[in-house]
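Here is the structure we will look at, set down as structure tokens.
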Amino acid sequence: MINDPLKIFVTIVENKDLSQEAEELYLSHPNVSSQIQSLEEELGTKLVNSSSKHLELTQSGEIYYEYAKQILLLQEKAKQEIKRISNVLTGNLKVGASFTIGEYILPFVVAEFAAQYPKVEIETSIANTREIIQGVQANSLDIALVEGEVDHHSDILVRPLMEDEIILLVPNQHPLARLPIVTHEHLQDQVWILRESGSGTRAFSDKLFQEWGIKARKSYIFGSGQAIKQAVTAGLGIALVSRWIVRKELNAKELKTIRIKGNPLTRSFYLIGPKNHETSEAMEVFTEQLLTLESTTWRKLGKKGIVI
């Protein structure tokens with residue numbers, strides 16, 4: 001049973017049916033009428049011109065209705081803010097991520113969120129971009145972070161999250177490792193280490209190869225960024241990778257990156273979710289934190305070579 005006169009007033013105004021709304025509010029028709037009369041007495045003015053069943057707002061009622069909606073909205077926002085600062089946010093959250101983000105960024109994202117909201121249960125899934133998009137479409141994932149270009153899907157909401165730099169990775173003993181900078185011609189007839197079809201990194205590489213007319217002498221396919229790193233370290237070939245996945249190796253000088261002549265190669269990381277799907281409070285807070293916080297640990301980690 002709802003005994004808030006303000007909420008009762010807004011509800012019946014929006015439906016213009018005293019009897020129906022009395023039933024939905026679990027109140028008797030006389031009780032609803034009494035609540036409205038109490039408001040009118042408090043305000044010293046008539047709010048509605050009502051018959052036995054239907055109602056019409058007076059000019060005062062129209063004014064009060066607009067302010068009443070704002071008051072109720074502010075009350076709800078206040079409750080949510082109190083929940084957040086009290087760390088009482090609860091619920092379940094299924095978060096997906098493509099491999100680069102899932103292996104090198106998502107753990108930090110989840111850790112920071114969990115530190116603030118420890119009562120939210122989080123389940124993560126990591127796969128290539130194509131599979132993560134399918135998970136969002138099937139509603140098996142509440143929200144996801146993916147790399148590279150996201151095709152237009154009418155059922156998916158896509159929002160840019162940050163920029164990622166793609167770099168050329170070469171073995172230390174590779175002939176290209178002696179060059180300070182390489183051109184498109186240097187990349188011809190090389191042995192390339194590539195990600196599998198459906199990967200955001202693979203889509204980026206394929207597009208670049210087509211634009212630059214690059215023909216590989218031979219290519220090897222691996223299913224994760226970690227495997228790509230190991231293959232390059234073993235001297236199998238060269239690769240285009242996100243700077244995120246080789247930060248430690250580059251600092252330890254275990255691998256070498258060579259600058260390609262021209263502008264830096266960048267792509268976008270995106271936050272995606274179902275477009276017409278009811279969102280939980282946990283999902284809304286998680287989304288807001290991803291899109292609004294600037295000085296997070298994971299963004300600081302990507303500061304070198306990453307455009308925020």
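Every chain in the structure tokens takes a letter, A first, then B, and so on in the order presented; its residues are numbered from 1, and the ligands are numbered from 1 following the presented order.
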
Report as a tab-separated table the residues of segment 174-219 of chain A within 7 Å of segment 231-246 of chain A, each with its shortest atom pair and distance in Å (one decimal), using only C-alpha atoms, ordered by chain and increasing residue number.
residue	atom	partner	partner_atom	distance
A:Val191	CA	A:Gly237	CA	4.9
A:Trp192	CA	A:Ile238	CA	5.0
A:Ile193	CA	A:Ala239	CA	5.1
A:Leu194	CA	A:Ala239	CA	6.6
A:Ser205	CA	A:Leu240	CA	6.9

Requested in this report: Go through A:Pro5, A:Gly96, A:Pro180, A:Pro175 and flag the residue nearest Ile143 of chain A, using only C-alpha atoms for the distances.
Outcome: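 Going through A:Pro5, A:Gly96, A:Pro180, A:Pro175 one by one, the smallest distance to Ile143 of chain A is for A:Gly96.
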
Requested in this report: Would you please work out which residue, of A:Thr11, A:Asn251, A:Asn31, A:Ser140, is nearest to Ser125 of chain A when using only C-alpha atoms?
Outcome: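 Smallest distance to Ser125 of chain A is found for A:Ser140.
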
**Report entry** For Leu93 of chain A: contacts at 10 Å, only C-alpha atoms, fewer than 5 positions along chain excluded, given as a VMD selection string
**Finding:** chain A and resid 120 to 124 141 to 143 280 to 283 286

Requested in this report: Between A:Ser219, A:Ile133, A:Glu165, A:Gln289, single out the one closest to His153 of chain A, counting only C-alpha atoms.
Outcome: A:Ile133

Requested in this report: Enumerate as number ranges by chain all residues of segment 32-196 of chain A assigned to alpha helix (DSSP H) by DSSP on the backbone, naming them with the chain letters and numbers the document uses.
Outcome: A: 32-43, 59-85, 99-104, 106-116, 129-137
